[in-house]
Amino acid sequence: MTLPVPLQRWFWRLGWTTGPAQRREAVATFPALVVCEDCDLVHARQTLLPGDVARCSRCGALLGRGHRLGPQGLLALSVAALLVFLMGNLTDIVTVGLGGKHVEATLPEAIAQTWHSGQQAVALLAGATALGFPLAVILLRLWVLVPLALGRRSAAFLPAMRALHGVTRWSMVEVFLLGTLVAIVRSAGLASVVPGVGIFSYAALTVLLAANHAAGLHGLWQHAEDCRA
Amino acid sequence: MKPPTEVLTGAAPGVGTAWSLGLWNCACCGLVSQARPLDGATPRCPRCLFALHARKPDSLQRTWAYLAAAVLLYLPANLLPVMTTASVLGQFEHTILGGIVELWHAGSWELAVVVFIASIAVPLLKMAALALLACTAQRGSTWRQLERARLYRLLETVGHWSMLDVFVVVSLVGMVQFGAFASVQPASGLLAFGAVVIATMLASSSFDARLLWPASASAAQAAPSWRLRQRNRRRATLPRTPVHE
């Protein structure tokens, strides 16, 4: 029996599909090979020392990096990112003063204000890229990394990893940070603006997410394989 | 599109592409595998069950479609105001270019340059570069392959920085709320601008960089170069000189 294609797609995304091995298909895997994602050239896999960068010999695309951090180190980064994310959203980003009146602005408030002034789609866009997707990245990483640091594979490991694969490119914390700095400069002529704890938290979050992002996901797959074996 | 189906064991590294060796590269987890799916089912990665594609499905069609959407939305994004400011002096509407001019006159020309690069230069160059990549990939061109591959990677890295202006306005809306004295409201151009950024990001992510490296012989046969086609067309339309016996 074959399901309709849209249904099948949802099943794949949720990780419910049976794999090729279960369907008794002829499958061979080549863990000793790496294929360049940009130009399809086949390379032999090499163990990289920390700090090493492997590039494709034809198009120069990144093939992999050698990492200093194992699952424990990555877990520490993700926990720190979660704390800083909460700080950045609960404390005010700037305090604006005009004629003796002070307004403290946080990011959720700014997005809510945008929503109420009639631009709901923009509010959704900004909320998703500055709040929703970064939070999703952090939570999914924690979901995968906590069991992995303890030497196990998490429940729903495959859907979580695939969601992580799709979500990472839509998190734009660093752009939000620069945007807020530009906004501070633009309103400085009008009112007195004092940066708050929130903006420094977001600066720290930018660094932590960049470190997380640089570690990539392929290393996690490797660790998960080691765990199962 | 399916790669050749013969099963190849012991592939020598560095000698060919995954396509030519009949290997699948998983876009999600990076495992290299070789699967022969039963009766036309989609092949799946044995490790992460992600659907395997030798090339991204409908890559060029999707790229062109998103690109067309981005070009269309670029006009309202720059012509409509992105925010309105209200103060005791009156109500003003600001476009993206106007905001840059204001920053320049306010004396912070460094920021004006940053905003100009992020909101004007990057979207324009990105759309032009994507059109170039899609055009050359469509013809199976082998012109400056390394440079075009670098250009694609650059597009993927800088693409999301154009969201800068959306965040500037959202931050200003949250910061400047003093009732009748001063307030900032987002305006309709902002949505168009955000949509341009999203459309160009989708266009570059649906473009398959592997199309920049066609297997030389077959691609050259399938798509002759632009110069060659022009020459053929010219020859076909030239009046035939009468042949004297």
# chains A, B, ... in the order shown; residues from 1 in each chain; ligands from 1
$ interface_residues --of "chain A" --to "chain B" --cutoff "7 Å" --atoms "only C-alpha atoms" --output "PDB file with C-alpha atoms, in the first residue's frame"
ATOM      1  CA  GLY A  19      14.280   2.897   6.822  1.00  0.00           C
ATOM      2  CA  PRO A  20      15.811   1.105   3.851  1.00  0.00           C
ATOM      3  CA  ALA A  21      17.205  -1.612   6.138  1.00  0.00           C
ATOM      4  CA  GLU A  25      16.637  -2.980   0.393  1.00  0.00           C
ATOM      5  CA  ALA A  26      20.188  -3.426  -0.753  1.00  0.00           C
ATOM      6  CA  VAL A  27      22.090  -0.730   1.123  1.00  0.00           C
ATOM      7  CA  ALA A  28      25.775  -0.066   1.408  1.00  0.00           C
ATOM      8  CA  THR A  29      27.198   2.745   3.538  1.00  0.00           C
ATOM      9  CA  PHE A  30      30.629   4.312   3.083  1.00  0.00           C
ATOM     10  CA  PRO A  31      31.628   5.939   6.380  1.00  0.00           C
ATOM     11  CA  LEU A  33      34.034   8.783   2.317  1.00  0.00           C
ATOM     12  CA  VAL A  34      32.941  12.408   2.389  1.00  0.00           C
ATOM     13  CA  VAL A  35      31.127  14.014  -0.531  1.00  0.00           C
ATOM     14  CA  ASP A  38      28.579  22.004  -3.197  1.00  0.00           C
ATOM     15  CA  CYS A  39      30.196  20.162  -6.095  1.00  0.00           C
ATOM     16  CA  ASP A  40      29.577  16.440  -5.450  1.00  0.00           C
ATOM     17  CA  LEU A  41      33.272  15.429  -5.488  1.00  0.00           C
ATOM     18  CA  VAL A  42      34.161  12.328  -3.437  1.00  0.00           C
ATOM     19  CA  HIS A  43      36.921  12.586  -0.817  1.00  0.00           C
ATOM     20  CA  ALA A  44      38.436  10.176   1.699  1.00  0.00           C
ATOM     21  CA  CYS A  59      35.484  24.066  -5.209  1.00  0.00           C
ATOM     22  CA  VAL A  96      14.744  55.579  26.626  1.00  0.00           C
ATOM     23  CA  ALA A 105      11.837  48.314  26.117  1.00  0.00           C
ATOM     24  CA  GLU A 109       7.344  44.153  24.099  1.00  0.00           C
ATOM     25  CA  ALA A 110       8.741  45.624  20.902  1.00  0.00           C
ATOM     26  CA  ILE A 111       7.289  42.734  18.915  1.00  0.00           C
ATOM     27  CA  GLN A 113       3.931  46.772  19.930  1.00  0.00           C
ATOM     28  CA  THR A 114       4.535  46.025  16.252  1.00  0.00           C
ATOM     29  CA  SER A 117       0.168  48.795  15.424  1.00  0.00           C
ATOM     30  CA  GLN A 119       1.697  44.994  11.089  1.00  0.00           C
ATOM     31  CA  ALA A 121       2.991  39.785   9.530  1.00  0.00           C
ATOM     32  CA  VAL A 122       6.123  41.811  10.292  1.00  0.00           C
ATOM     33  CA  ALA A 126      10.665  39.393  13.517  1.00  0.00           C
ATOM     34  CA  LEU A 158      16.039  11.562  14.222  1.00  0.00           C
ATOM     35  CA  ARG A 162      16.314  16.894  11.174  1.00  0.00           C
ATOM     36  CA  HIS A 165      19.070  20.868  10.323  1.00  0.00           C
ATOM     37  CA  VAL A 175      21.229  40.665  12.675  1.00  0.00           C
ATOM     38  CA  PHE A 176      18.776  41.638  15.418  1.00  0.00           C
ATOM     39  CA  GLY A 179      19.569  46.318  14.053  1.00  0.00           C
ATOM     40  CA  THR A 180      19.034  47.373  17.663  1.00  0.00           C
ATOM     41  CA  VAL A 182      21.371  51.101  14.567  1.00  0.00           C
ATOM     42  CA  ALA A 183      18.011  51.927  16.198  1.00  0.00           C
ATOM     43  CA  ARG A 186      18.972  56.764  15.195  1.00  0.00           C
ATOM     44  CA  HIS A 218      27.806  16.053  11.455  1.00  0.00           C
ATOM     45  CA  TRP A 221      25.773  12.143  14.172  1.00  0.00           C
TER      46      TRP A 221
END
$ residues_around --residues "range 57-64 of chain B" --least-positions-apart "6" --cutoff "8 Å" --atoms "only C-alpha atoms" --output "PDB file with N, CA and C atoms, in the first residue's frame"
ATOM      1  N   ALA B 131      20.536  35.441 -10.417  1.00  0.00           N
ATOM      2  CA  ALA B 131      20.124  35.334 -11.818  1.00  0.00           C
ATOM      3  C   ALA B 131      21.278  34.841 -12.672  1.00  0.00           C
ATOM      4  N   ALA B 134      21.851  31.075 -11.862  1.00  0.00           N
ATOM      5  CA  ALA B 134      20.803  30.222 -12.418  1.00  0.00           C
ATOM      6  C   ALA B 134      20.922  30.146 -13.935  1.00  0.00           C
ATOM      7  N   GLN B 138      21.832  26.768 -15.935  1.00  0.00           N
ATOM      8  CA  GLN B 138      20.845  26.263 -16.877  1.00  0.00           C
ATOM      9  C   GLN B 138      21.490  25.867 -18.199  1.00  0.00           C
ATOM     10  N   LEU B 202      15.142  31.964   0.235  1.00  0.00           N
ATOM     11  CA  LEU B 202      14.584  30.710  -0.290  1.00  0.00           C
ATOM     12  C   LEU B 202      15.148  30.407  -1.666  1.00  0.00           C
ATOM     13  N   ALA B 203      15.344  31.466  -2.479  1.00  0.00           N
ATOM     14  CA  ALA B 203      15.892  31.251  -3.820  1.00  0.00           C
ATOM     15  C   ALA B 203      17.290  30.671  -3.732  1.00  0.00           C
ATOM     16  N   SER B 204      18.130  31.221  -2.856  1.00  0.00           N
ATOM     17  CA  SER B 204      19.502  30.725  -2.809  1.00  0.00           C
ATOM     18  C   SER B 204      19.556  29.353  -2.155  1.00  0.00           C
ATOM     19  N   SER B 206      17.243  27.046  -2.508  1.00  0.00           N
ATOM     20  CA  SER B 206      16.721  26.025  -3.411  1.00  0.00           C
ATOM     21  C   SER B 206      17.607  25.845  -4.631  1.00  0.00           C
ATOM     22  N   PHE B 207      18.591  26.741  -4.801  1.00  0.00           N
ATOM     23  CA  PHE B 207      19.544  26.575  -5.902  1.00  0.00           C
ATOM     24  C   PHE B 207      20.542  25.479  -5.531  1.00  0.00           C
ATOM     25  N   ASP B 208      20.810  24.584  -6.469  1.00  0.00           N
ATOM     26  CA  ASP B 208      21.731  23.481  -6.197  1.00  0.00           C
ATOM     27  C   ASP B 208      23.112  23.830  -6.748  1.00  0.00           C
TER      28      ASP B 208
END
$ closest_residue --among "A:Ser192, A:Ser171, A:Thr47, A:Ser201" --to "Gly127 in chain A" --atoms "only C-alpha atoms"
A:Ser171
$ select_by_dssp --residues "range 58-187 of chain B" --states "helix (DSSP H, G or I)" --output "JSON, numbers by chain"
{"B": [59, 60, 61, 62, 63, 64, 65, 66, 67, 68, 69, 70, 71, 72, 73, 74, 75, 76, 77, 78, 79, 96, 97, 98, 99, 100, 101, 102, 103, 104, 105, 109, 110, 111, 112, 113, 114, 115, 116, 117, 118, 119, 120, 121, 122, 123, 124, 125, 126, 127, 128, 129, 130, 131, 132, 133, 134, 135, 136, 137, 138, 145, 146, 147, 148, 149, 150, 151, 152, 153, 154, 155, 156, 157, 158, 159, 160, 161, 162, 163, 164, 165, 166, 167, 168, 169, 170, 171, 172, 173, 174, 175]}
$ write_last_selection --atoms "C-alpha atoms" --output "PDB file, in the first residue's frame"
ATOM      1  CA  SER B  59      16.121  23.390  -8.295  1.00  0.00           C
ATOM      2  CA  LEU B  60      16.169  25.878 -11.162  1.00  0.00           C
ATOM      3  CA  GLN B  61      12.393  26.259 -11.427  1.00  0.00           C
ATOM      4  CA  ARG B  62      12.142  27.053  -7.720  1.00  0.00           C
ATOM      5  CA  THR B  63      15.080  29.446  -7.840  1.00  0.00           C
ATOM      6  CA  TRP B  64      13.582  31.370 -10.758  1.00  0.00           C
ATOM      7  CA  ALA B  65      10.158  31.487  -9.091  1.00  0.00           C
ATOM      8  CA  TYR B  66      11.487  32.842  -5.783  1.00  0.00           C
ATOM      9  CA  LEU B  67      13.735  35.246  -7.656  1.00  0.00           C
ATOM     10  CA  ALA B  68      10.807  36.617  -9.671  1.00  0.00           C
ATOM     11  CA  ALA B  69       8.836  37.097  -6.456  1.00  0.00           C
ATOM     12  CA  ALA B  70      11.775  38.939  -4.890  1.00  0.00           C
ATOM     13  CA  VAL B  71      12.203  41.258  -7.895  1.00  0.00           C
ATOM     14  CA  LEU B  72       8.479  42.096  -7.922  1.00  0.00           C
ATOM     15  CA  LEU B  73       8.420  42.801  -4.179  1.00  0.00           C
ATOM     16  CA  TYR B  74      11.565  44.912  -4.375  1.00  0.00           C
ATOM     17  CA  LEU B  75       9.631  47.840  -5.884  1.00  0.00           C
ATOM     18  CA  PRO B  76       7.062  48.322  -3.091  1.00  0.00           C
ATOM     19  CA  ALA B  77       9.798  47.608  -0.547  1.00  0.00           C
ATOM     20  CA  ASN B  78      11.723  50.661  -1.685  1.00  0.00           C
ATOM     21  CA  LEU B  79       8.874  52.950  -2.787  1.00  0.00           C
ATOM     22  CA  ILE B  96      14.602  52.864   3.465  1.00  0.00           C
ATOM     23  CA  LEU B  97      16.716  55.200   1.345  1.00  0.00           C
ATOM     24  CA  GLY B  98      15.424  58.177   3.358  1.00  0.00           C
ATOM     25  CA  GLY B  99      16.539  56.532   6.591  1.00  0.00           C
ATOM     26  CA  ILE B 100      20.067  56.165   5.224  1.00  0.00           C
ATOM     27  CA  VAL B 101      20.154  59.842   4.192  1.00  0.00           C
ATOM     28  CA  GLU B 102      18.993  60.811   7.711  1.00  0.00           C
ATOM     29  CA  LEU B 103      21.752  58.714   9.281  1.00  0.00           C
ATOM     30  CA  TRP B 104      24.282  60.373   6.962  1.00  0.00           C
ATOM     31  CA  HIS B 105      23.130  63.877   7.881  1.00  0.00           C
ATOM     32  CA  TRP B 109      28.225  58.032   8.199  1.00  0.00           C
ATOM     33  CA  GLU B 110      29.756  54.684   9.254  1.00  0.00           C
ATOM     34  CA  LEU B 111      26.312  53.388  10.220  1.00  0.00           C
ATOM     35  CA  ALA B 112      24.824  54.878   7.062  1.00  0.00           C
ATOM     36  CA  VAL B 113      27.304  52.825   5.049  1.00  0.00           C
ATOM     37  CA  VAL B 114      26.507  49.656   7.027  1.00  0.00           C
ATOM     38  CA  VAL B 115      22.763  50.118   6.545  1.00  0.00           C
ATOM     39  CA  PHE B 116      23.252  50.957   2.857  1.00  0.00           C
ATOM     40  CA  ILE B 117      25.248  47.777   2.317  1.00  0.00           C
ATOM     41  CA  ALA B 118      22.792  45.604   4.261  1.00  0.00           C
ATOM     42  CA  SER B 119      19.524  46.989   2.887  1.00  0.00           C
ATOM     43  CA  ILE B 120      20.263  48.256  -0.621  1.00  0.00           C
ATOM     44  CA  ALA B 121      23.473  46.710  -1.917  1.00  0.00           C
ATOM     45  CA  VAL B 122      23.072  43.159  -0.590  1.00  0.00           C
ATOM     46  CA  PRO B 123      19.518  42.514  -1.885  1.00  0.00           C
ATOM     47  CA  LEU B 124      20.291  44.005  -5.316  1.00  0.00           C
ATOM     48  CA  LEU B 125      23.612  42.212  -5.757  1.00  0.00           C
ATOM     49  CA  LYS B 126      22.067  39.026  -4.427  1.00  0.00           C
ATOM     50  CA  MET B 127      19.266  39.042  -6.967  1.00  0.00           C
ATOM     51  CA  ALA B 128      21.689  39.834  -9.801  1.00  0.00           C
ATOM     52  CA  ALA B 129      24.120  37.134  -8.683  1.00  0.00           C
ATOM     53  CA  LEU B 130      21.375  34.528  -8.333  1.00  0.00           C
ATOM     54  CA  ALA B 131      20.124  35.334 -11.818  1.00  0.00           C
ATOM     55  CA  LEU B 132      23.671  34.933 -13.144  1.00  0.00           C
ATOM     56  CA  LEU B 133      24.158  31.609 -11.334  1.00  0.00           C
ATOM     57  CA  ALA B 134      20.803  30.222 -12.418  1.00  0.00           C
ATOM     58  CA  CYS B 135      21.388  31.343 -16.017  1.00  0.00           C
ATOM     59  CA  THR B 136      24.845  29.801 -16.298  1.00  0.00           C
ATOM     60  CA  ALA B 137      23.749  26.621 -14.489  1.00  0.00           C
ATOM     61  CA  GLN B 138      20.845  26.263 -16.877  1.00  0.00           C
ATOM     62  CA  GLN B 145      33.404  27.626 -12.101  1.00  0.00           C
ATOM     63  CA  LEU B 146      35.495  28.279  -9.010  1.00  0.00           C
ATOM     64  CA  GLU B 147      34.507  31.948  -8.878  1.00  0.00           C
ATOM     65  CA  ARG B 148      30.844  31.101  -9.282  1.00  0.00           C
ATOM     66  CA  ALA B 149      31.071  28.483  -6.515  1.00  0.00           C
ATOM     67  CA  ARG B 150      32.622  31.125  -4.252  1.00  0.00           C
ATOM     68  CA  LEU B 151      29.902  33.595  -5.220  1.00  0.00           C
ATOM     69  CA  TYR B 152      27.243  31.072  -4.209  1.00  0.00           C
ATOM     70  CA  ARG B 153      28.854  30.487  -0.822  1.00  0.00           C
ATOM     71  CA  LEU B 154      29.063  34.258  -0.292  1.00  0.00           C
ATOM     72  CA  LEU B 155      25.339  34.572  -1.064  1.00  0.00           C
ATOM     73  CA  GLU B 156      24.511  31.895   1.501  1.00  0.00           C
ATOM     74  CA  THR B 157      26.606  33.678   4.147  1.00  0.00           C
ATOM     75  CA  VAL B 158      25.473  37.280   3.718  1.00  0.00           C
ATOM     76  CA  GLY B 159      21.861  36.681   2.653  1.00  0.00           C
ATOM     77  CA  HIS B 160      20.145  37.033   6.003  1.00  0.00           C
ATOM     78  CA  TRP B 161      21.887  40.323   6.890  1.00  0.00           C
ATOM     79  CA  SER B 162      19.325  42.203   4.794  1.00  0.00           C
ATOM     80  CA  MET B 163      16.804  41.621   7.588  1.00  0.00           C
ATOM     81  CA  LEU B 164      18.657  44.438   9.364  1.00  0.00           C
ATOM     82  CA  ASP B 165      16.138  47.123   8.445  1.00  0.00           C
ATOM     83  CA  VAL B 166      13.198  45.075   9.691  1.00  0.00           C
ATOM     84  CA  PHE B 167      14.865  44.766  13.081  1.00  0.00           C
ATOM     85  CA  VAL B 168      15.786  48.461  13.155  1.00  0.00           C
ATOM     86  CA  VAL B 169      12.143  49.452  12.715  1.00  0.00           C
ATOM     87  CA  VAL B 170      10.843  46.865  15.206  1.00  0.00           C
ATOM     88  CA  SER B 171      13.362  48.072  17.805  1.00  0.00           C
ATOM     89  CA  LEU B 172      12.442  51.706  17.174  1.00  0.00           C
ATOM     90  CA  VAL B 173       8.746  50.881  17.525  1.00  0.00           C
ATOM     91  CA  GLY B 174       9.447  49.263  20.883  1.00  0.00           C
ATOM     92  CA  MET B 175      11.750  52.039  22.077  1.00  0.00           C
TER      93      MET B 175
END
$ residues_around --residues "His223 in chain A" --least-positions-apart "6" --cutoff "12 Å" --atoms "only C-alpha atoms" --output "MDAnalysis selection string"
chainID A and resid 69:72 74 144:145 147:153 217 229
